[in-house]
Amino acid sequence: MSAQLTVTRSGASAPATTVQVAAGTTAAELFADERDVVVARVNGELRDLSHPLADGDEVEGVLLSSEDGLAVLRHSAAHVVAQAVQQHFPGAKLGIGPPIRDGFYYDFDVETPFTPEDLKTLEKTAQRIVKEGQRFVRRVVTDDEAREELAGEPYKLELIGLKSSAGEAAEGAGVEVGAGELSIYDNVRRDGTVAWKDLCRGPHLPSTRLIGNGFTLLRSAAAYWRGSEKNPQLQRVYGTAWASKDDLKAYQERLAEAERRDHRRLGAELDLFSFPDEIGSGLVVFHPKGGVVKRVMEDYVRRRHVEEGFDYVGTPHISKGGLFETSGHLPYYEDTMFPAMELENSKYYLKAMNCPMHNLIFRSRGRSYRELPLRFFEFGSVYRYEKSGVVHGLTRVRGLTQDDSHSYVTAEQAPGEIKHLLDFVLGLLRDFGLDDYYLELSTRGDSAKFIGSDEEWATATAVLEAAARDTGLDLVPDPGGAAFYGPKISVQARDAIGRTWQMSTIQYDFNQPARFGLEYTAADGSKQQPVMIHSAKFGSLERFFGVLTEHYAGAFPPWLAPVQVVGIPVADAHVEHLQAVAAQLRARGVRVEVDSSDDRMPKKIRTWTKQKVPFLLIAGAEDVEAGAVSFRYRDGSQENGVPVEQAVQKVVDAVERRVQV
């Protein structure tokens, strides 16, 4: 009689139960009655279904359609694609191939970049491998064995060396190596021969057949090995994989919609902004129409800050490096700052953050507890040397404008101030039409960059968490994602097509006040150190502009639209009537134009509809005689014979109520 093991089994919907199994039982055998289980979580760690169970294990079945299941699916698909690449390009050297959000990639060192035709060929070969039903088989190997088997793969050898010297996961290694034992995965054919192998810590699907027909290759691009510009440039193949063909089709439709909403394309079509090569990568110029949207955003947030008790301040774009040494940003953030300039025997930096300068304003004279909370705000232009590979339109720039604020409070005032800032932030997002969001709490990690005592971090984190939970919103943990000087709350907003964007942030800082020697006189006459709370409501104006452009697909609500109304005459004789209507609208603060060009009326309507103008006011002979206009909405619907006074009020009401049309 074989030995028995006691394990706890649970599924996606089934409650945990204790079961007896024979020694040597694998996770696959434990879930033999659940065909949708493709990987197991054993004592909290994802394992292959071939993993043998031990007495006392807690085992959860993971479905293919779950988040973890999809990650394993995509990881396995990356291996299949790499196998296909080396089949067609035998000289290709393997980099790394991790799953990423909605897909996967794999990096290769090849002589020439992949072409679109190459990707089509690779996808067909990958599909054949999938249909063959090759098994993913894990083998534990020593470092020397791994080096011997992968002698022709220089990048894998580098990862093995990094792991061996560090004794832990190699930075930038993706899913290749981790702490502890090394493993190689063989892709095994039905006849038992090994078709391909890769250094990998797994886990993987039991068989390539489970990848099914829900995957495709998307594109290729250049990428530096381990993300460093000092390393060789590889070719990265991107793909996506889903639990079913229908899921893949739905994703492709989302991609197509995202392409239609791409703010870079809309920025050019609507004449909002551009990125001239003559100025430099990641540096935007706003055109007149984009300038209108930018000004409206600025006017709004400046007014709201004043209403919320903030004092407007201004600081320069450049500073001596010593300021950032004091704040602690050097050397932690030096790699993301523009290089120093040597001036008058000193190093000067373009500022990457505003907080150090606000600290100097606080410190410029004595402060009393009666002044607290003391709140500073500015539209601060900051500059960050983002790597060229991550610069992306308005959402990742090198020159940005923050609606940056810093609140200086007593420790007792901190919870109330954070609640005040959260209410402010969420109200702002709602006013701009973003009303689907959750909160993320970024806390301290193990890195040496985090400064301050454990007690200070625990206090700050508890204050932020309590304020976040009081909102009633979902709160998601982000371990290790805090700034070096303290934890933070970030608002994660979903746009009209369900994508999530990090927007506003609120950070609790007990370190900079100490580093700058900030103090106030307490009621008992003693000198006390304030708590500093950082907050950016837009995050950055540029990023917020880009997100709004995609959220609204360029059809901004009337209060934000660069041009709110266009008058379209049926003939030249009707221009004067529309000019008079336009004068009334301008007197009410409405942005209006009258199209008196030589184009025919239908073409004018098409032109301004493509420009996504909220309201078109059309006038012909009957309208002039009746003192009316035909009121045309953005969706093409139309009301004829609307009296001018009523038409003007309809526009004004829509603008003032911030309604979308």
# chains A, B, ... in the order shown; residues from 1 in each chain; ligands from 1

$ select_by_dssp --residues "stretch 384-468 of chain A" --states "strand (DSSP E or B)" --output "list in words"
His392, Arg396, Gly399, Leu400, Thr401, Gln402, Asp403, Asp404, Ser405, His406, Ser407, Tyr408, Val409, Tyr437, Tyr438, Leu439, Glu440, Leu441, Ser442 and Thr443 of chain A

$ closest_atom_pairs --of "stretch 392-439 of chain A" --to "stretch 529-551 of chain A" --cutoff "9 Å" --atoms "only C-alpha atoms" --output "CSV"
residue,atom,partner,partner_atom,distance
A:Gly393,CA,A:Gly546,CA,7.7
A:Leu394,CA,A:Arg543,CA,5.2
A:Thr395,CA,A:Arg543,CA,4.3
A:Arg396,CA,A:Arg543,CA,7.0
A:Val397,CA,A:Glu542,CA,7.9
A:Gly399,CA,A:Glu542,CA,8.9
A:Leu400,CA,A:Glu542,CA,6.3
A:Thr401,CA,A:Ser540,CA,5.5
A:Gln402,CA,A:Ser540,CA,4.5
A:Asp403,CA,A:Ala536,CA,5.5
A:Asp404,CA,A:Ala536,CA,4.8
A:Ser405,CA,A:Ser535,CA,5.2
A:His406,CA,A:His534,CA,4.7
A:Ser407,CA,A:Ile533,CA,5.0
A:Tyr408,CA,A:Met532,CA,4.8
A:Val409,CA,A:Val531,CA,5.3
A:Thr410,CA,A:Pro530,CA,5.2
A:Ala411,CA,A:Val531,CA,6.0
A:Gln413,CA,A:Val531,CA,8.8
A:Ala414,CA,A:Val531,CA,7.1
A:Glu417,CA,A:Ile533,CA,8.3
A:Ile418,CA,A:Ile533,CA,7.8
A:Leu421,CA,A:Ser535,CA,7.6
A:Phe424,CA,A:Lys537,CA,8.0
A:Val425,CA,A:Lys537,CA,5.6
A:Leu426,CA,A:Lys537,CA,8.8
A:Leu428,CA,A:Lys537,CA,7.6
A:Leu429,CA,A:Phe538,CA,8.4
A:Phe432,CA,A:Leu548,CA,8.0
A:Gly433,CA,A:Leu548,CA,8.6
A:Leu434,CA,A:His551,CA,8.5

$ select_by_dssp --residues "stretch 369-429 of chain A" --states "alpha helix (DSSP H)" --output "NGL selection string"
:A and (414-429)

$ write_last_selection --atoms "C-alpha atoms" --output "PDB file, in the first residue's frame"
ATOM      1  CA  ALA A 414      -1.956  65.188   8.221  1.00  0.00           C
ATOM      2  CA  PRO A 415      -4.976  62.803   8.092  1.00  0.00           C
ATOM      3  CA  GLY A 416      -7.410  65.677   7.531  1.00  0.00           C
ATOM      4  CA  GLU A 417      -5.192  67.253   4.872  1.00  0.00           C
ATOM      5  CA  ILE A 418      -4.893  63.993   2.952  1.00  0.00           C
ATOM      6  CA  LYS A 419      -8.676  63.569   3.029  1.00  0.00           C
ATOM      7  CA  HIS A 420      -9.020  67.178   1.827  1.00  0.00           C
ATOM      8  CA  LEU A 421      -6.609  66.496  -1.060  1.00  0.00           C
ATOM      9  CA  LEU A 422      -8.374  63.261  -2.032  1.00  0.00           C
ATOM     10  CA  ASP A 423     -11.731  65.040  -2.156  1.00  0.00           C
ATOM     11  CA  PHE A 424     -10.132  67.769  -4.287  1.00  0.00           C
ATOM     12  CA  VAL A 425      -8.553  65.258  -6.686  1.00  0.00           C
ATOM     13  CA  LEU A 426     -11.649  63.110  -7.151  1.00  0.00           C
ATOM     14  CA  GLY A 427     -13.828  66.168  -7.691  1.00  0.00           C
ATOM     15  CA  LEU A 428     -11.425  67.415 -10.367  1.00  0.00           C
ATOM     16  CA  LEU A 429     -11.465  64.093 -12.210  1.00  0.00           C
TER      17      LEU A 429
END

$ atom_distance --atom1 "atom CA of A:Val110" --atom2 "atom CA of A:Ala84"
13.6 Å

$ residues_around --residues "stretch 614-617 of chain A" --least-positions-apart "2" --cutoff "10 Å" --atoms "only C-alpha atoms" --output "ChimeraX atom specification"
/A:555-559,561-569,578,581-582,592-594,604-605,608-609,611-612,619,628-636,638-640,642,644,647-648,650-651,654,660-661

$ residues_around --residues "A:Ala493" --least-positions-apart "3" --cutoff "6 Å" --atoms "only C-alpha atoms" --output "PyMOL selection string"
chain A and resi 436-437+500-501

$ residues_around --residues "A:Arg367" --least-positions-apart "5" --cutoff "8 Å" --atoms "only C-alpha atoms" --output "ChimeraX atom specification"
/A:362,519-521

$ write_last_selection --atoms "C-alpha atoms" --output "PDB file, in the first residue's frame"
ATOM      1  CA  PHE A 362       8.732  77.721   3.609  1.00  0.00           C
ATOM      2  CA  GLU A 519      10.342  73.963  11.509  1.00  0.00           C
ATOM      3  CA  TYR A 520       7.477  75.946  12.961  1.00  0.00           C
ATOM      4  CA  THR A 521       6.839  77.394  16.400  1.00  0.00           C
TER       5      THR A 521
END

$ residues_around --residues "A:Gly517" --least-positions-apart "3" --cutoff "9 Å" --atoms "only C-alpha atoms" --output "number ranges by chain"
A: 363, 512-514, 529

$ residues_around --residues "stretch 188-200 of chain A" --least-positions-apart "5" --cutoff "8 Å" --atoms "only C-alpha atoms" --output "list in words"
His79, Gln83, Glu132, Gly133, Gln134, Arg135, Phe136, Val137, Ala146, Lys156, Val175, Glu176, Val177, Leu182 and Ser183 of chain A

$ closest_residue --among "A:Glu278, A:Glu34, A:Asp474, A:Glu123" --to "A:Gly214" --atoms "only C-alpha atoms"
A:Glu123

$ closest_residue --among "A:Arg444, A:Val575, A:Ser220, A:Gly314" --to "A:Ser597" --atoms "only C-alpha atoms"
A:Val575

$ closest_residue --among "A:Arg147, A:His577, A:Arg398, A:His51" --to "A:Ala626" --atoms "only C-alpha atoms"
A:His577

$ decode --residues "stretch 237-279 of chain A" --atoms "N, CA and C atoms" --output "PDB file, in the first residue's frame"
ATOM      1  N   VAL A 237      10.190  40.838 -30.707  1.00  0.00           N
ATOM      2  CA  VAL A 237       8.938  40.431 -31.364  1.00  0.00           C
ATOM      3  C   VAL A 237       7.824  40.461 -30.327  1.00  0.00           C
ATOM      4  N   TYR A 238       6.793  41.249 -30.602  1.00  0.00           N
ATOM      5  CA  TYR A 238       5.636  41.355 -29.711  1.00  0.00           C
ATOM      6  C   TYR A 238       4.500  40.476 -30.219  1.00  0.00           C
ATOM      7  N   GLY A 239       3.795  39.860 -29.294  1.00  0.00           N
ATOM      8  CA  GLY A 239       2.615  39.080 -29.647  1.00  0.00           C
ATOM      9  C   GLY A 239       1.571  39.188 -28.561  1.00  0.00           C
ATOM     10  N   THR A 240       0.420  38.614 -28.813  1.00  0.00           N
ATOM     11  CA  THR A 240      -0.639  38.566 -27.813  1.00  0.00           C
ATOM     12  C   THR A 240      -1.259  37.179 -27.831  1.00  0.00           C
ATOM     13  N   ALA A 241      -1.776  36.749 -26.697  1.00  0.00           N
ATOM     14  CA  ALA A 241      -2.396  35.424 -26.593  1.00  0.00           C
ATOM     15  C   ALA A 241      -3.552  35.496 -25.618  1.00  0.00           C
ATOM     16  N   TRP A 242      -4.643  34.830 -25.970  1.00  0.00           N
ATOM     17  CA  TRP A 242      -5.872  34.861 -25.174  1.00  0.00           C
ATOM     18  C   TRP A 242      -6.440  33.457 -25.061  1.00  0.00           C
ATOM     19  N   ALA A 243      -7.369  33.300 -24.151  1.00  0.00           N
ATOM     20  CA  ALA A 243      -7.913  31.975 -23.867  1.00  0.00           C
ATOM     21  C   ALA A 243      -8.746  31.411 -25.011  1.00  0.00           C
ATOM     22  N   SER A 244      -9.243  32.265 -25.903  1.00  0.00           N
ATOM     23  CA  SER A 244     -10.062  31.795 -27.021  1.00  0.00           C
ATOM     24  C   SER A 244      -9.907  32.746 -28.203  1.00  0.00           C
ATOM     25  N   LYS A 245     -10.335  32.277 -29.362  1.00  0.00           N
ATOM     26  CA  LYS A 245     -10.291  33.103 -30.558  1.00  0.00           C
ATOM     27  C   LYS A 245     -11.216  34.306 -30.422  1.00  0.00           C
ATOM     28  N   ASP A 246     -12.358  34.118 -29.757  1.00  0.00           N
ATOM     29  CA  ASP A 246     -13.281  35.238 -29.542  1.00  0.00           C
ATOM     30  C   ASP A 246     -12.641  36.310 -28.660  1.00  0.00           C
ATOM     31  N   ASP A 247     -11.893  35.872 -27.626  1.00  0.00           N
ATOM     32  CA  ASP A 247     -11.200  36.841 -26.772  1.00  0.00           C
ATOM     33  C   ASP A 247     -10.141  37.603 -27.564  1.00  0.00           C
ATOM     34  N   LEU A 248      -9.442  36.899 -28.454  1.00  0.00           N
ATOM     35  CA  LEU A 248      -8.445  37.555 -29.305  1.00  0.00           C
ATOM     36  C   LEU A 248      -9.112  38.585 -30.208  1.00  0.00           C
ATOM     37  N   LYS A 249     -10.242  38.218 -30.803  1.00  0.00           N
ATOM     38  CA  LYS A 249     -10.944  39.145 -31.689  1.00  0.00           C
ATOM     39  C   LYS A 249     -11.402  40.384 -30.929  1.00  0.00           C
ATOM     40  N   ALA A 250     -11.909  40.190 -29.712  1.00  0.00           N
ATOM     41  CA  ALA A 250     -12.343  41.336 -28.906  1.00  0.00           C
ATOM     42  C   ALA A 250     -11.159  42.246 -28.587  1.00  0.00           C
ATOM     43  N   TYR A 251      -9.997  41.640 -28.301  1.00  0.00           N
ATOM     44  CA  TYR A 251      -8.802  42.442 -28.025  1.00  0.00           C
ATOM     45  C   TYR A 251      -8.385  43.228 -29.263  1.00  0.00           C
ATOM     46  N   GLN A 252      -8.426  42.580 -30.423  1.00  0.00           N
ATOM     47  CA  GLN A 252      -8.050  43.274 -31.663  1.00  0.00           C
ATOM     48  C   GLN A 252      -8.993  44.436 -31.952  1.00  0.00           C
ATOM     49  N   GLU A 253     -10.264  44.268 -31.616  1.00  0.00           N
ATOM     50  CA  GLU A 253     -11.207  45.371 -31.787  1.00  0.00           C
ATOM     51  C   GLU A 253     -10.887  46.518 -30.831  1.00  0.00           C
ATOM     52  N   ARG A 254     -10.452  46.168 -29.592  1.00  0.00           N
ATOM     53  CA  ARG A 254     -10.047  47.212 -28.644  1.00  0.00           C
ATOM     54  C   ARG A 254      -8.809  47.946 -29.147  1.00  0.00           C
ATOM     55  N   LEU A 255      -7.874  47.178 -29.745  1.00  0.00           N
ATOM     56  CA  LEU A 255      -6.683  47.811 -30.307  1.00  0.00           C
ATOM     57  C   LEU A 255      -7.052  48.781 -31.428  1.00  0.00           C
ATOM     58  N   ALA A 256      -7.990  48.358 -32.280  1.00  0.00           N
ATOM     59  CA  ALA A 256      -8.407  49.220 -33.390  1.00  0.00           C
ATOM     60  C   ALA A 256      -9.051  50.492 -32.863  1.00  0.00           C
ATOM     61  N   GLU A 257      -9.863  50.363 -31.816  1.00  0.00           N
ATOM     62  CA  GLU A 257     -10.498  51.542 -31.228  1.00  0.00           C
ATOM     63  C   GLU A 257      -9.452  52.437 -30.573  1.00  0.00           C
ATOM     64  N   ALA A 258      -8.474  51.820 -29.916  1.00  0.00           N
ATOM     65  CA  ALA A 258      -7.398  52.610 -29.320  1.00  0.00           C
ATOM     66  C   ALA A 258      -6.614  53.353 -30.387  1.00  0.00           C
ATOM     67  N   GLU A 259      -6.408  52.734 -31.535  1.00  0.00           N
ATOM     68  CA  GLU A 259      -5.710  53.397 -32.639  1.00  0.00           C
ATOM     69  C   GLU A 259      -6.505  54.593 -33.141  1.00  0.00           C
ATOM     70  N   ARG A 260      -7.830  54.420 -33.242  1.00  0.00           N
ATOM     71  CA  ARG A 260      -8.663  55.551 -33.676  1.00  0.00           C
ATOM     72  C   ARG A 260      -8.596  56.702 -32.676  1.00  0.00           C
ATOM     73  N   ARG A 261      -8.378  56.365 -31.402  1.00  0.00           N
ATOM     74  CA  ARG A 261      -8.337  57.386 -30.358  1.00  0.00           C
ATOM     75  C   ARG A 261      -6.922  57.887 -30.054  1.00  0.00           C
ATOM     76  N   ASP A 262      -5.921  57.368 -30.715  1.00  0.00           N
ATOM     77  CA  ASP A 262      -4.536  57.722 -30.411  1.00  0.00           C
ATOM     78  C   ASP A 262      -4.361  59.239 -30.424  1.00  0.00           C
ATOM     79  N   HIS A 263      -3.949  59.795 -29.285  1.00  0.00           N
ATOM     80  CA  HIS A 263      -3.879  61.259 -29.169  1.00  0.00           C
ATOM     81  C   HIS A 263      -2.836  61.855 -30.100  1.00  0.00           C
ATOM     82  N   ARG A 264      -1.824  61.080 -30.477  1.00  0.00           N
ATOM     83  CA  ARG A 264      -0.816  61.621 -31.399  1.00  0.00           C
ATOM     84  C   ARG A 264      -1.427  61.859 -32.778  1.00  0.00           C
ATOM     85  N   ARG A 265      -2.244  60.911 -33.236  1.00  0.00           N
ATOM     86  CA  ARG A 265      -2.910  61.090 -34.529  1.00  0.00           C
ATOM     87  C   ARG A 265      -3.940  62.202 -34.446  1.00  0.00           C
ATOM     88  N   LEU A 266      -4.750  62.203 -33.383  1.00  0.00           N
ATOM     89  CA  LEU A 266      -5.774  63.239 -33.236  1.00  0.00           C
ATOM     90  C   LEU A 266      -5.153  64.618 -33.050  1.00  0.00           C
ATOM     91  N   GLY A 267      -3.997  64.667 -32.381  1.00  0.00           N
ATOM     92  CA  GLY A 267      -3.327  65.952 -32.204  1.00  0.00           C
ATOM     93  C   GLY A 267      -2.989  66.603 -33.527  1.00  0.00           C
ATOM     94  N   ALA A 268      -2.578  65.775 -34.508  1.00  0.00           N
ATOM     95  CA  ALA A 268      -2.273  66.302 -35.841  1.00  0.00           C
ATOM     96  C   ALA A 268      -3.554  66.618 -36.612  1.00  0.00           C
ATOM     97  N   GLU A 269      -4.538  65.722 -36.574  1.00  0.00           N
ATOM     98  CA  GLU A 269      -5.774  65.927 -37.335  1.00  0.00           C
ATOM     99  C   GLU A 269      -6.551  67.143 -36.848  1.00  0.00           C
ATOM    100  N   LEU A 270      -6.544  67.369 -35.533  1.00  0.00           N
ATOM    101  CA  LEU A 270      -7.311  68.479 -34.963  1.00  0.00           C
ATOM    102  C   LEU A 270      -6.455  69.719 -34.739  1.00  0.00           C
ATOM    103  N   ASP A 271      -5.181  69.651 -35.161  1.00  0.00           N
ATOM    104  CA  ASP A 271      -4.273  70.802 -35.078  1.00  0.00           C
ATOM    105  C   ASP A 271      -4.125  71.283 -33.636  1.00  0.00           C
ATOM    106  N   LEU A 272      -3.846  70.332 -32.729  1.00  0.00           N
ATOM    107  CA  LEU A 272      -3.751  70.661 -31.307  1.00  0.00           C
ATOM    108  C   LEU A 272      -2.312  70.858 -30.847  1.00  0.00           C
ATOM    109  N   PHE A 273      -1.400  69.983 -31.281  1.00  0.00           N
ATOM    110  CA  PHE A 273      -0.021  70.040 -30.806  1.00  0.00           C
ATOM    111  C   PHE A 273       0.863  69.257 -31.754  1.00  0.00           C
ATOM    112  N   SER A 274       2.180  69.406 -31.582  1.00  0.00           N
ATOM    113  CA  SER A 274       3.136  68.648 -32.387  1.00  0.00           C
ATOM    114  C   SER A 274       4.442  68.518 -31.626  1.00  0.00           C
ATOM    115  N   PHE A 275       5.337  67.669 -32.161  1.00  0.00           N
ATOM    116  CA  PHE A 275       6.638  67.416 -31.548  1.00  0.00           C
ATOM    117  C   PHE A 275       7.722  67.645 -32.605  1.00  0.00           C
ATOM    118  N   PRO A 276       8.077  68.890 -32.877  1.00  0.00           N
ATOM    119  CA  PRO A 276       9.057  69.176 -33.947  1.00  0.00           C
ATOM    120  C   PRO A 276      10.417  68.549 -33.652  1.00  0.00           C
ATOM    121  N   ASP A 277      10.994  67.898 -34.665  1.00  0.00           N
ATOM    122  CA  ASP A 277      12.320  67.309 -34.510  1.00  0.00           C
ATOM    123  C   ASP A 277      13.353  68.364 -34.161  1.00  0.00           C
ATOM    124  N   GLU A 278      13.126  69.589 -34.644  1.00  0.00           N
ATOM    125  CA  GLU A 278      14.100  70.652 -34.399  1.00  0.00           C
ATOM    126  C   GLU A 278      14.209  71.004 -32.913  1.00  0.00           C
ATOM    127  N   ILE A 279      13.160  70.727 -32.148  1.00  0.00           N
ATOM    128  CA  ILE A 279      13.184  71.034 -30.713  1.00  0.00           C
ATOM    129  C   ILE A 279      13.765  69.867 -29.926  1.00  0.00           C
TER     130      ILE A 279
END
